[in-house]
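A.B. asks: Here you go, final-v5.json (JSON, C-alpha atoms):
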[["chain", "number", "residue", "atom", "x", "y", "z"],
["Y", 1, "MET", "CA", -18.67, -27.35, 28.27],
["Y", 2, "PRO", "CA", -15.95, -28.30, 30.73],
["Y", 3, "VAL", "CA", -12.48, -27.57, 29.41],
["Y", 4, "PHE", "CA", -10.38, -27.76, 32.53],
["Y", 5, "ASN", "CA", -9.90, -30.98, 34.44],
["Y", 6, "ASN", "CA", -13.58, -31.92, 34.06],
["Y", 7, "SER", "CA", -14.45, -28.79, 35.99],
["Y", 8, "GLU", "CA", -17.10, -26.19, 35.38],
["Y", 9, "VAL", "CA", -14.68, -23.37, 36.21],
["Y", 10, "GLN", "CA", -12.84, -22.08, 33.16],
["Y", 11, "LEU", "CA", -11.57, -18.81, 34.64],
["Y", 12, "PHE", "CA", -10.65, -17.61, 38.09],
["Y", 13, "LEU", "CA", -11.57, -14.01, 38.87],
["Y", 14, "LEU", "CA", -9.07, -11.72, 40.60],
["Y", 15, "ILE", "CA", -10.55, -9.18, 42.98],
["Y", 16, "GLU", "CA", -10.32, -5.44, 42.64],
["Y", 17, "ILE", "CA", -9.96, -2.98, 45.52],
["Y", 18, "PRO", "CA", -13.50, -2.83, 46.90],
["Y", 19, "GLY", "CA", -15.09, 0.59, 46.88],
["Y", 20, "LEU", "CA", -12.39, 2.07, 44.65],
["Y", 21, "GLU", "CA", -13.32, 0.54, 41.30],
["Y", 22, "HIS", "CA", -13.93, 3.99, 39.81],
["Y", 23, "ALA", "CA", -10.38, 5.09, 40.71],
["Y", 24, "HIS", "CA", -8.46, 2.11, 39.35],
["Y", 25, "ILE", "CA", -6.87, 4.09, 36.55],
["Y", 26, "TRP", "CA", -5.46, 6.49, 39.14],
["Y", 27, "ILE", "CA", -4.40, 3.67, 41.46],
["Y", 28, "SER", "CA", -2.52, 2.09, 38.56],
["Y", 29, "ILE", "CA", -0.20, 5.13, 38.31],
["Y", 30, "PRO", "CA", 1.57, 4.68, 41.70],
["Y", 31, "ILE", "CA", 1.56, 0.90, 41.20],
["Y", 32, "CYS", "CA", 3.30, 1.29, 37.83],
["Y", 33, "LEU", "CA", 5.82, 3.69, 39.37],
["Y", 34, "MET", "CA", 6.54, 1.25, 42.21],
["Y", 35, "TYR", "CA", 7.11, -1.58, 39.74],
["Y", 36, "LEU", "CA", 9.32, 0.67, 37.62],
["Y", 37, "VAL", "CA", 11.48, 1.72, 40.58],
["Y", 38, "ALA", "CA", 11.73, -1.89, 41.80],
["Y", 39, "ILE", "CA", 12.71, -3.30, 38.40],
["Y", 40, "VAL", "CA", 15.16, -0.52, 37.51],
["Y", 41, "GLY", "CA", 16.66, -0.46, 41.01],
["Y", 42, "ASN", "CA", 17.23, -4.20, 41.30],
["Y", 43, "SER", "CA", 18.47, -4.45, 37.70],
["Y", 44, "THR", "CA", 20.93, -1.65, 38.46],
["Y", 45, "ILE", "CA", 22.23, -3.50, 41.53],
["Y", 46, "LEU", "CA", 22.78, -6.64, 39.46],
["Y", 47, "PHE", "CA", 24.52, -4.66, 36.70],
["Y", 48, "ILE", "CA", 26.83, -2.81, 39.12],
["Y", 49, "ILE", "CA", 27.80, -5.98, 41.00],
["Y", 50, "LYS", "CA", 28.47, -7.82, 37.73],
["Y", 51, "THR", "CA", 30.58, -5.08, 36.15],
["Y", 52, "GLU", "CA", 32.49, -3.80, 39.22],
["Y", 53, "PRO", "CA", 35.33, -6.19, 40.21],
["Y", 54, "SER", "CA", 35.65, -4.69, 43.69],
["Y", 55, "LEU", "CA", 32.11, -5.91, 44.45],
["Y", 56, "HIS", "CA", 32.90, -9.54, 43.67],
["Y", 57, "GLU", "CA", 32.69, -10.48, 47.34],
["Y", 58, "PRO", "CA", 30.28, -12.75, 49.30],
["Y", 59, "MET", "CA", 28.34, -9.82, 50.79],
["Y", 60, "TYR", "CA", 27.53, -8.43, 47.35],
["Y", 61, "TYR", "CA", 26.84, -11.85, 45.85],
["Y", 62, "PHE", "CA", 24.13, -12.32, 48.48],
["Y", 63, "LEU", "CA", 22.82, -8.85, 47.66],
["Y", 64, "ALA", "CA", 22.68, -9.89, 43.99],
["Y", 65, "MET", "CA", 20.65, -12.97, 44.98],
["Y", 66, "LEU", "CA", 18.25, -10.73, 46.90],
["Y", 67, "ALA", "CA", 17.90, -8.41, 43.90],
["Y", 68, "LEU", "CA", 17.24, -11.41, 41.65],
["Y", 69, "SER", "CA", 14.52, -12.63, 44.03],
["Y", 70, "ASP", "CA", 12.95, -9.16, 44.05],
["Y", 71, "LEU", "CA", 12.94, -9.05, 40.26],
["Y", 72, "GLY", "CA", 11.29, -12.46, 40.21],
["Y", 73, "LEU", "CA", 8.57, -11.30, 42.61],
["Y", 74, "SER", "CA", 7.96, -8.16, 40.56],
["Y", 75, "PHE", "CA", 7.71, -9.92, 37.21],
["Y", 76, "SER", "CA", 5.54, -12.71, 38.70],
["Y", 77, "SER", "CA", 2.79, -10.34, 39.79],
["Y", 78, "LEU", "CA", 3.22, -7.56, 37.22],
["Y", 79, "PRO", "CA", 1.01, -8.98, 34.41],
["Y", 80, "THR", "CA", -2.10, -9.61, 36.50],
["Y", 81, "MET", "CA", -1.80, -6.44, 38.59],
["Y", 82, "LEU", "CA", -1.50, -4.19, 35.54],
["Y", 83, "ARG", "CA", -4.23, -6.01, 33.61],
["Y", 84, "LEU", "CA", -6.54, -5.68, 36.58],
["Y", 85, "PHE", "CA", -5.98, -2.01, 37.37],
["Y", 86, "LEU", "CA", -5.36, -0.68, 33.86],
["Y", 87, "PHE", "CA", -7.84, -2.70, 31.81],
["Y", 88, "ASN", "CA", -10.21, -4.09, 34.46],
["Y", 89, "ALA", "CA", -9.36, -7.61, 33.25],
["Y", 90, "MET", "CA", -10.27, -9.81, 36.21],
["Y", 91, "GLY", "CA", -10.13, -13.21, 34.53],
["Y", 92, "ILE", "CA", -7.13, -15.53, 34.66],
["Y", 93, "SER", "CA", -6.98, -19.10, 33.37],
["Y", 94, "PRO", "CA", -6.37, -21.85, 35.94],
["Y", 95, "ASN", "CA", -3.05, -22.88, 34.39],
["Y", 96, "ALA", "CA", -1.80, -19.29, 34.37],
["Y", 97, "CYS", "CA", -2.95, -18.93, 37.98],
["Y", 98, "PHE", "CA", -1.06, -22.04, 39.08],
["Y", 99, "ALA", "CA", 2.06, -20.89, 37.24],
["Y", 100, "GLN", "CA", 1.86, -17.50, 38.94],
["Y", 101, "GLU", "CA", 1.52, -19.22, 42.32],
["Y", 102, "PHE", "CA", 4.63, -21.26, 41.60],
["Y", 103, "PHE", "CA", 6.75, -18.22, 40.79],
["Y", 104, "ILE", "CA", 5.38, -15.98, 43.56],
["Y", 105, "HIS", "CA", 5.81, -18.63, 46.26],
["Y", 106, "GLY", "CA", 9.15, -19.73, 44.81],
["Y", 107, "PHE", "CA", 10.70, -16.28, 44.82],
["Y", 108, "THR", "CA", 9.18, -15.58, 48.25],
["Y", 109, "VAL", "CA", 10.91, -18.66, 49.68],
["Y", 110, "MET", "CA", 14.09, -17.66, 47.84],
["Y", 111, "GLU", "CA", 14.04, -14.18, 49.36],
["Y", 112, "SER", "CA", 13.41, -15.56, 52.83],
["Y", 113, "SER", "CA", 16.35, -17.95, 52.40],
["Y", 114, "VAL", "CA", 18.65, -15.17, 51.18],
["Y", 115, "LEU", "CA", 17.72, -12.99, 54.16],
["Y", 116, "VAL", "CA", 18.74, -15.87, 56.46],
["Y", 117, "VAL", "CA", 22.08, -16.26, 54.68],
["Y", 118, "LYS", "CA", 22.69, -12.51, 54.74],
["Y", 119, "SER", "CA", 22.04, -12.50, 58.51],
["Y", 120, "LEU", "CA", 24.60, -15.25, 59.01],
["Y", 121, "ASP", "CA", 26.98, -13.42, 56.69],
["Y", 122, "GLY", "CA", 26.67, -10.26, 58.79],
["Y", 123, "PHE", "CA", 27.33, -12.22, 61.99],
["Y", 124, "LEU", "CA", 30.45, -13.87, 60.54],
["Y", 125, "ALA", "CA", 31.72, -10.53, 59.21],
["Y", 126, "ILE", "CA", 31.55, -9.00, 62.70],
["Y", 127, "HIS", "CA", 32.36, -12.01, 64.89],
["Y", 128, "SER", "CA", 35.11, -13.65, 62.81],
["Y", 129, "LEU", "CA", 36.43, -10.94, 60.55],
["Y", 130, "LEU", "CA", 39.89, -12.47, 60.20],
["Y", 131, "ARG", "CA", 38.47, -15.85, 59.16],
["Y", 132, "TYR", "CA", 35.59, -14.42, 57.12],
["Y", 133, "SER", "CA", 37.29, -14.84, 53.74],
["Y", 134, "PHE", "CA", 38.19, -18.43, 54.66],
["Y", 135, "PHE", "CA", 34.59, -19.34, 55.57],
["Y", 136, "LEU", "CA", 32.91, -17.66, 52.60],
["Y", 137, "THR", "CA", 34.81, -18.22, 49.39],
["Y", 138, "SER", "CA", 33.27, -17.47, 46.01],
["Y", 139, "ASN", "CA", 32.95, -21.20, 45.34],
["Y", 140, "ARG", "CA", 31.03, -21.75, 48.58],
["Y", 141, "VAL", "CA", 28.77, -18.78, 47.90],
["Y", 142, "ALA", "CA", 27.92, -20.22, 44.47],
["Y", 143, "LYS", "CA", 27.08, -23.58, 46.05],
["Y", 144, "MET", "CA", 24.93, -21.86, 48.68],
["Y", 145, "GLY", "CA", 23.06, -19.99, 45.94],
["Y", 146, "LEU", "CA", 22.40, -23.29, 44.12],
["Y", 147, "ILE", "CA", 21.16, -24.93, 47.34],
["Y", 148, "LEU", "CA", 18.83, -22.00, 48.02],
["Y", 149, "ALA", "CA", 17.42, -22.21, 44.49],
["Y", 150, "ILE", "CA", 16.83, -25.97, 44.81],
["Y", 151, "ARG", "CA", 15.18, -25.47, 48.22],
["Y", 152, "SER", "CA", 12.85, -22.85, 46.75],
["Y", 153, "ILE", "CA", 11.85, -25.09, 43.85],
["Y", 154, "LEU", "CA", 11.25, -28.14, 46.04],
["Y", 155, "LEU", "CA", 9.10, -26.18, 48.49],
["Y", 156, "VAL", "CA", 6.79, -24.81, 45.78],
["Y", 157, "LEU", "CA", 6.29, -27.78, 43.46],
["Y", 158, "LEU", "CA", 3.09, -28.86, 45.20],
["Y", 159, "PRO", "CA", 0.88, -25.98, 43.97],
["Y", 160, "PHE", "CA", 0.73, -27.80, 40.64],
["Y", 161, "SER", "CA", -1.19, -30.55, 42.45],
["Y", 162, "LEU", "CA", -4.05, -28.03, 42.50],
["Y", 163, "ARG", "CA", -4.54, -28.88, 38.81],
["Y", 164, "ARG", "CA", -5.83, -32.29, 39.87],
["Y", 165, "LEU", "CA", -8.56, -30.81, 42.03],
["Y", 166, "LYS", "CA", -12.07, -30.09, 40.82],
["Y", 167, "TYR", "CA", -13.43, -26.53, 40.92],
["Y", 168, "CYS", "CA", -17.20, -26.44, 40.81],
["Y", 169, "GLN", "CA", -18.97, -23.11, 41.20],
["Y", 170, "LYS", "CA", -16.77, -20.72, 43.17],
["Y", 171, "ASN", "CA", -14.12, -18.91, 41.13],
["Y", 172, "LEU", "CA", -13.63, -15.54, 42.88],
["Y", 173, "LEU", "CA", -10.18, -15.14, 44.43],
["Y", 174, "SER", "CA", -9.41, -12.86, 47.39],
["Y", 175, "HIS", "CA", -6.42, -10.96, 46.00],
["Y", 176, "SER", "CA", -5.15, -9.18, 42.92],
["Y", 177, "TYR", "CA", -2.95, -12.16, 42.09],
["Y", 178, "CYS", "CA", -2.97, -15.93, 42.71],
["Y", 179, "LEU", "CA", -1.85, -17.46, 46.01],
["Y", 180, "HIS", "CA", -1.88, -21.15, 46.94],
["Y", 181, "ARG", "CA", -4.11, -20.82, 50.00],
["Y", 182, "ASP", "CA", -6.57, -18.61, 48.12],
["Y", 183, "THR", "CA", -6.96, -20.97, 45.16],
["Y", 184, "MET", "CA", -7.08, -24.05, 47.37],
["Y", 185, "LYS", "CA", -10.20, -22.77, 49.13],
["Y", 186, "LEU", "CA", -12.11, -22.75, 45.82],
["Y", 187, "ALA", "CA", -11.73, -26.49, 45.28],
["Y", 188, "CYS", "CA", -14.72, -28.72, 45.91],
["Y", 189, "ALA", "CA", -12.58, -31.84, 46.32],
["Y", 190, "ASP", "CA", -10.39, -33.16, 49.13],
["Y", 191, "ASN", "CA", -7.36, -30.89, 49.44],
["Y", 192, "LYS", "CA", -5.82, -32.25, 52.64],
["Y", 193, "ILE", "CA", -2.39, -32.59, 51.01],
["Y", 194, "ASN", "CA", -2.41, -28.92, 50.02],
["Y", 195, "VAL", "CA", -3.39, -27.91, 53.56],
["Y", 196, "ILE", "CA", -0.44, -29.87, 54.94],
["Y", 197, "TYR", "CA", 1.80, -28.29, 52.31],
["Y", 198, "GLY", "CA", 0.71, -24.78, 53.28],
["Y", 199, "PHE", "CA", 1.40, -25.53, 56.94],
["Y", 200, "PHE", "CA", 4.84, -26.96, 56.10],
["Y", 201, "VAL", "CA", 5.87, -23.93, 54.01],
["Y", 202, "ALA", "CA", 4.65, -21.58, 56.76],
["Y", 203, "LEU", "CA", 6.71, -23.59, 59.26],
["Y", 204, "CYS", "CA", 9.80, -23.24, 57.05],
["Y", 205, "THR", "CA", 9.24, -19.48, 56.82],
["Y", 206, "MET", "CA", 8.95, -19.23, 60.61],
["Y", 207, "LEU", "CA", 12.15, -21.26, 60.93],
["Y", 208, "ASP", "CA", 13.88, -18.78, 58.61],
["Y", 209, "LEU", "CA", 12.65, -15.91, 60.77],
["Y", 210, "ALA", "CA", 13.83, -17.67, 63.95],
["Y", 211, "LEU", "CA", 17.31, -18.14, 62.45],
["Y", 212, "ILE", "CA", 17.39, -14.47, 61.45],
["Y", 213, "VAL", "CA", 16.43, -13.35, 64.96],
["Y", 214, "LEU", "CA", 19.04, -15.69, 66.50],
["Y", 215, "SER", "CA", 21.81, -14.47, 64.21],
["Y", 216, "HIS", "CA", 20.99, -10.84, 64.98],
["Y", 217, "MET", "CA", 20.98, -11.53, 68.71],
["Y", 218, "LEU", "CA", 24.45, -13.07, 68.36],
["Y", 219, "THR", "CA", 25.54, -10.13, 66.22],
["Y", 220, "LEU", "CA", 24.27, -7.67, 68.84],
["Y", 221, "LYS", "CA", 26.08, -9.57, 71.58],
["Y", 222, "THR", "CA", 29.29, -9.40, 69.56],
["Y", 223, "VAL", "CA", 28.85, -5.69, 68.82],
["Y", 224, "LEU", "CA", 28.32, -4.85, 72.51],
["Y", 225, "SER", "CA", 31.57, -6.62, 73.37],
["Y", 226, "ILE", "CA", 33.53, -4.25, 71.14],
["Y", 227, "ALA", "CA", 35.42, -1.77, 73.28],
["Y", 228, "SER", "CA", 35.34, 1.30, 71.06],
["Y", 229, "LEU", "CA", 32.07, 3.25, 70.81],
["Y", 230, "ALA", "CA", 32.95, 4.30, 67.26],
["Y", 231, "GLU", "CA", 33.42, 0.67, 66.25],
["Y", 232, "ARG", "CA", 30.11, -0.25, 67.88],
["Y", 233, "LEU", "CA", 28.26, 2.42, 65.93],
["Y", 234, "LYS", "CA", 29.96, 1.42, 62.70],
["Y", 235, "ALA", "CA", 29.06, -2.24, 63.22],
["Y", 236, "LEU", "CA", 25.46, -1.40, 64.13],
["Y", 237, "SER", "CA", 25.07, 0.81, 61.08],
["Y", 238, "THR", "CA", 25.90, -2.14, 58.84],
["Y", 239, "CYS", "CA", 22.97, -4.05, 60.39],
["Y", 240, "VAL", "CA", 20.40, -1.28, 59.92],
["Y", 241, "SER", "CA", 19.84, -1.84, 56.20],
["Y", 242, "HIS", "CA", 19.44, -5.58, 56.69],
["Y", 243, "ILE", "CA", 16.95, -5.12, 59.53],
["Y", 244, "CYS", "CA", 14.90, -2.74, 57.34],
["Y", 245, "ALA", "CA", 14.82, -5.34, 54.55],
["Y", 246, "ILE", "CA", 13.71, -8.03, 57.03],
["Y", 247, "LEU", "CA", 10.91, -5.87, 58.42],
["Y", 248, "ALA", "CA", 9.69, -4.89, 54.94],
["Y", 249, "PHE", "CA", 9.53, -8.56, 53.96],
["Y", 250, "TYR", "CA", 8.20, -10.33, 57.06],
["Y", 251, "ILE", "CA", 5.74, -7.83, 58.57],
["Y", 252, "PRO", "CA", 3.26, -8.01, 55.64],
["Y", 253, "ILE", "CA", 3.56, -11.83, 55.51],
["Y", 254, "ILE", "CA", 2.96, -12.28, 59.24],
["Y", 255, "THR", "CA", 0.13, -9.72, 59.27],
["Y", 256, "LEU", "CA", -1.62, -11.35, 56.30],
["Y", 257, "ALA", "CA", -1.24, -14.85, 57.77],
["Y", 258, "ALA", "CA", -2.52, -13.70, 61.18],
["Y", 259, "MET", "CA", -5.58, -12.06, 59.61],
["Y", 260, "GLN", "CA", -6.38, -15.16, 57.54],
["Y", 261, "HIS", "CA", -6.13, -17.54, 60.50],
["Y", 262, "PHE", "CA", -7.32, -15.58, 63.52],
["Y", 263, "VAL", "CA", -9.59, -12.75, 62.33],
["Y", 264, "LYS", "CA", -13.13, -13.96, 61.64],
["Y", 265, "HIS", "CA", -14.62, -10.77, 60.19],
["Y", 266, "LYS", "CA", -11.91, -9.41, 57.93],
["Y", 267, "ASN", "CA", -12.14, -6.11, 56.10],
["Y", 268, "PRO", "CA", -11.59, -7.06, 52.41],
["Y", 269, "LEU", "CA", -9.96, -3.70, 51.70],
["Y", 270, "THR", "CA", -7.38, -4.23, 54.47],
["Y", 271, "VAL", "CA", -6.60, -7.78, 53.34],
["Y", 272, "ILE", "CA", -6.11, -6.74, 49.71],
["Y", 273, "LEU", "CA", -3.90, -3.77, 50.61],
["Y", 274, "ILE", "CA", -1.68, -5.87, 52.89],
["Y", 275, "ALA", "CA", -1.40, -8.58, 50.21],
["Y", 276, "ASP", "CA", -0.41, -5.96, 47.61],
["Y", 277, "ILE", "CA", 2.11, -4.43, 50.03],
["Y", 278, "PHE", "CA", 3.62, -7.89, 50.53],
["Y", 279, "LEU", "CA", 4.54, -8.04, 46.82],
["Y", 280, "LEU", "CA", 5.26, -4.36, 46.16],
["Y", 281, "LEU", "CA", 7.17, -3.18, 49.23],
["Y", 282, "PRO", "CA", 10.23, -5.50, 49.49],
["Y", 283, "PRO", "CA", 11.31, -5.19, 45.81],
["Y", 284, "LEU", "CA", 10.82, -1.43, 46.08],
["Y", 285, "MET", "CA", 12.59, -0.93, 49.43],
["Y", 286, "ASN", "CA", 15.59, -3.21, 49.04],
["Y", 287, "PRO", "CA", 17.36, -1.19, 46.29],
["Y", 288, "ILE", "CA", 16.69, 2.06, 48.16],
["Y", 289, "VAL", "CA", 17.86, 0.72, 51.52],
["Y", 290, "TYR", "CA", 20.94, -1.15, 50.35],
["Y", 291, "CYS", "CA", 22.08, 1.44, 47.81],
["Y", 292, "GLY", "CA", 21.65, 4.15, 50.45],
["Y", 293, "LYS", "CA", 23.60, 2.29, 53.13],
["Y", 294, "THR", "CA", 26.27, 0.59, 50.98],
["Y", 295, "ARG", "CA", 29.05, 3.03, 50.21],
["Y", 296, "LYS", "CA", 30.68, 0.94, 47.47],
["Y", 297, "ILE", "CA", 27.42, 0.68, 45.49],
["Y", 298, "ARG", "CA", 26.74, 4.42, 45.86]]
Produce structure tokens that represent the structure in this file.

C.D. replies:
Amino acid sequence: MPVFNNSEVQLFLLIEIPGLEHAHIWISIPICLMYLVAIVGNSTILFIIKTEPSLHEPMYYFLAMLALSDLGLSFSSLPTMLRLFLFNAMGISPNACFAQEFFIHGFTVMESSVLVVKSLDGFLAIHSLLRYSFFLTSNRVAKMGLILAIRSILLVLLPFSLRRLKYCQKNLLSHSYCLHRDTMKLACADNKINVIYGFFVALCTMLDLALIVLSHMLTLKTVLSIASLAERLKALSTCVSHICAILAFYIPIITLAAMQHFVKHKNPLTVILIADIFLLLPPLMNPIVYCGKTRKIR
């Protein structure tokens, strides 16, 4: 009896780690610990920035936005990941899957946007230190945060159009959580609009990365023009934490996208591990990296 959009598919099935089904209970332990560290770490950053008046500055507001994005990513994937590895519950309803896609893609776009803004913030802090407080007032930072949130929502509204598609026989997904491209491939109807959407979002992500690279090149040029070696090292050290956060976020995304588009015979285990790293690593690493490198937060 069809219950979803006149479709025969009533549940999508998430995939487990192939070959390691017998060890899922043990795999769930480090996954739970990673989620715990990510949630506690990012919540702590938000609490410290909120309660410490000396941290009410643009740099730390952007860090709070990054922590909020990381929390969103963690909570978006947490239910399905834990159900899958702890209770071997592979099924997820289509509506729940589409909602998870919305939040995962939304917070991913948000994090990418915040990393761009933090790169520009770092460049302004080094290049125009005297005018930095004039450029980035608290009011402007709040407006930027609102614009980033609106951009994230607008870029991820289209996954809900997947509800209009018909899903016939195939219902096995390729990851431990729902992604737009993965679900789209299961449809047995015309999904040209969703293909165009996926390309557009990927293009926006590449534009974000290009802006980050450009801002860091300008920052490096500015740092090398500083006369004092001690000042150069101090300025470079402030960029290290941000570069680590960028690498932790973009390397899994680029690797996963490259494998999906250019590798014909993919190893399912490799694809699943990279996809899980994409969601687990940035929320885990950002509190460690920024708390370790930011003296005021320590």

A.B. asks: Report as a CSV table (one decimal) with C-alpha atoms, in the coordinates of the input all protein, DNA and RNA residues lying within 7 Å of stretch 87-92 of chain Y, evaluated on all atoms listed in the file, omitting residues in the same chain fewer than 4 positions from it.

C.D. replies:
chain,number,residue,atom,x,y,z
Y,11,LEU,CA,-11.6,-18.8,34.6
Y,12,PHE,CA,-10.6,-17.6,38.1
Y,13,LEU,CA,-11.6,-14.0,38.9
Y,14,LEU,CA,-9.1,-11.7,40.6
Y,15,ILE,CA,-10.6,-9.2,43.0
Y,83,ARG,CA,-4.2,-6.0,33.6
Y,96,ALA,CA,-1.8,-19.3,34.4
Y,97,CYS,CA,-3.0,-18.9,38.0

A.B. asks: Interatomic distance between atom CA of Y:Gly72 and atom CA of Y:Cys291?

C.D. replies: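 Distance reported for this atom pair: 19.2 Å.
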
A.B. asks: Using Å and a single decimal, report how far atom CA of Y:Pro94 sits from atom CA of Y:Ile277.

C.D. replies: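 Here the two named atoms are 24.0 Å from each other.
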
A.B. asks: Scan for residues within 10 Å of the point (21.7, -3.2, 39.9) in the coordinates of the file, using only C-alpha atoms, and reply as a ChimeraX atom specification.

C.D. replies: /Y:39-51,63-64,67-68,287,291,297

A.B. asks: Write the residues you've just listed into a file as a compact mmCIF listing (two decimals), keeping the file's coordinate frame, and include C-alpha atoms for each of them.

C.D. replies:
# COMPACT_ATOMS: atom_id res chain seq x y z
CA ILE Y 39 12.71 -3.30 38.40
CA VAL Y 40 15.16 -0.52 37.51
CA GLY Y 41 16.66 -0.46 41.01
CA ASN Y 42 17.23 -4.20 41.30
CA SER Y 43 18.47 -4.45 37.70
CA THR Y 44 20.93 -1.65 38.46
CA ILE Y 45 22.23 -3.50 41.53
CA LEU Y 46 22.78 -6.64 39.46
CA PHE Y 47 24.52 -4.66 36.70
CA ILE Y 48 26.83 -2.81 39.12
CA ILE Y 49 27.80 -5.98 41.00
CA LYS Y 50 28.47 -7.82 37.73
CA THR Y 51 30.58 -5.08 36.15
CA LEU Y 63 22.82 -8.85 47.66
CA ALA Y 64 22.68 -9.89 43.99
CA ALA Y 67 17.90 -8.41 43.90
CA LEU Y 68 17.24 -11.41 41.65
CA PRO Y 287 17.36 -1.19 46.29
CA CYS Y 291 22.08 1.44 47.81
CA ILE Y 297 27.42 0.68 45.49

A.B. asks: Between atom CA of Y:Ile27 and atom CA of Y:Leu84, what is the distance, to one decimal in Å?

C.D. replies: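 Between atom CA of Y:Ile27 and atom CA of Y:Leu84 the gap is 10.8 Å.
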
A.B. asks: Go ahead and fit an axis-aligned box to every listed atom of stretch 201-211 of chain Y plus 5 Å each side, and pass me the centre and edge lengths in Å, one decimal, as lines of an AutoDock Vina configuration file.

C.D. replies:
center_x = 11.0
center_y = -19.9
center_z = 59.0
size_x = 22.7
size_y = 18.0
size_z = 19.9

A.B. asks: Could you build a table of the residues in stretch 85-180 of chain Y lying no more than 9 Å from stretch 235-258 of chain Y, giving for each the nearest pair of atoms and their separation in Å rounded to one decimal place, using all atoms listed in the file, ordered by chain and ascending residue number, as CSV?

C.D. replies:
residue,atom,partner,partner_atom,distance
Y:Glu111,CA,Y:Phe249,CA,8.5
Y:Ser112,CA,Y:Phe249,CA,8.1
Y:Leu115,CA,Y:Ile246,CA,7.0
Y:Lys118,CA,Y:His242,CA,7.9
Y:Ser119,CA,Y:His242,CA,7.6
Y:Gly122,CA,Y:Cys239,CA,7.4
Y:Ile126,CA,Y:Ala235,CA,7.2

A.B. asks: Go ahead and find all residues with at least one atom no further than 9 Å from (6.0, -3.0, 45.3) in the file's coordinates, using all atoms listed in the file; report them as a PyMOL selection string.

C.D. replies: chain Y and resi 31+33-35+37-38+74+276-285

A.B. asks: Find the residues near Y:Thr137: any atom within 12 Å, counting all atoms listed in the file, skip ones fewer than 6 places away on the same chain, and give them as a PDB file with C-alpha atoms, in the frame of the given file.

C.D. replies:
ATOM      1  CA  HIS Y  56      32.900  -9.540  43.670  1.00  0.00           C
ATOM      2  CA  GLU Y  57      32.690 -10.480  47.340  1.00  0.00           C
ATOM      3  CA  PRO Y  58      30.280 -12.750  49.300  1.00  0.00           C
ATOM      4  CA  MET Y  59      28.340  -9.820  50.790  1.00  0.00           C
ATOM      5  CA  TYR Y  61      26.840 -11.850  45.850  1.00  0.00           C
ATOM      6  CA  ASP Y 121      26.980 -13.420  56.690  1.00  0.00           C
ATOM      7  CA  ARG Y 131      38.470 -15.850  59.160  1.00  0.00           C
ATOM      8  CA  LYS Y 143      27.080 -23.580  46.050  1.00  0.00           C
ATOM      9  CA  MET Y 144      24.930 -21.860  48.680  1.00  0.00           C
TER      10      MET Y 144
END

A.B. asks: Got a sec: who's within 9 Å of Y:His180, counting all atoms listed in the file, leaving out chain neighbours fewer than 6 positions off, as a PDB file with C-alpha atoms, in the frame of the given file?

C.D. replies:
ATOM      1  CA  PHE Y  98      -1.060 -22.040  39.080  1.00  0.00           C
ATOM      2  CA  GLU Y 101       1.520 -19.220  42.320  1.00  0.00           C
ATOM      3  CA  PHE Y 102       4.630 -21.260  41.600  1.00  0.00           C
ATOM      4  CA  HIS Y 105       5.810 -18.630  46.260  1.00  0.00           C
ATOM      5  CA  PRO Y 159       0.880 -25.980  43.970  1.00  0.00           C
ATOM      6  CA  LEU Y 162      -4.050 -28.030  42.500  1.00  0.00           C
ATOM      7  CA  ASN Y 194      -2.410 -28.920  50.020  1.00  0.00           C
ATOM      8  CA  GLY Y 198       0.710 -24.780  53.280  1.00  0.00           C
TER       9      GLY Y 198
END

A.B. asks: Neighbouring residues of Y:Phe199 were defined as those with any atom within 12 Å, considering all atoms listed in the file; residues of the same chain fewer than 5 positions away were excluded. Please report them as a list in words.

C.D. replies: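 Final neighbour list, sorted by chain and number: Leu155, His180, Arg181, Lys192, Ile193, Asn194, Cys204, Thr205, Met206, Ala257 and His261 of chain Y.
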
A.B. asks: Show which residues sit within 12 Å of Y:Ser174, as a count of residues only. Count only C-alpha atoms, and ignore same-chain residues fewer than 2 positions away.

C.D. replies: 35
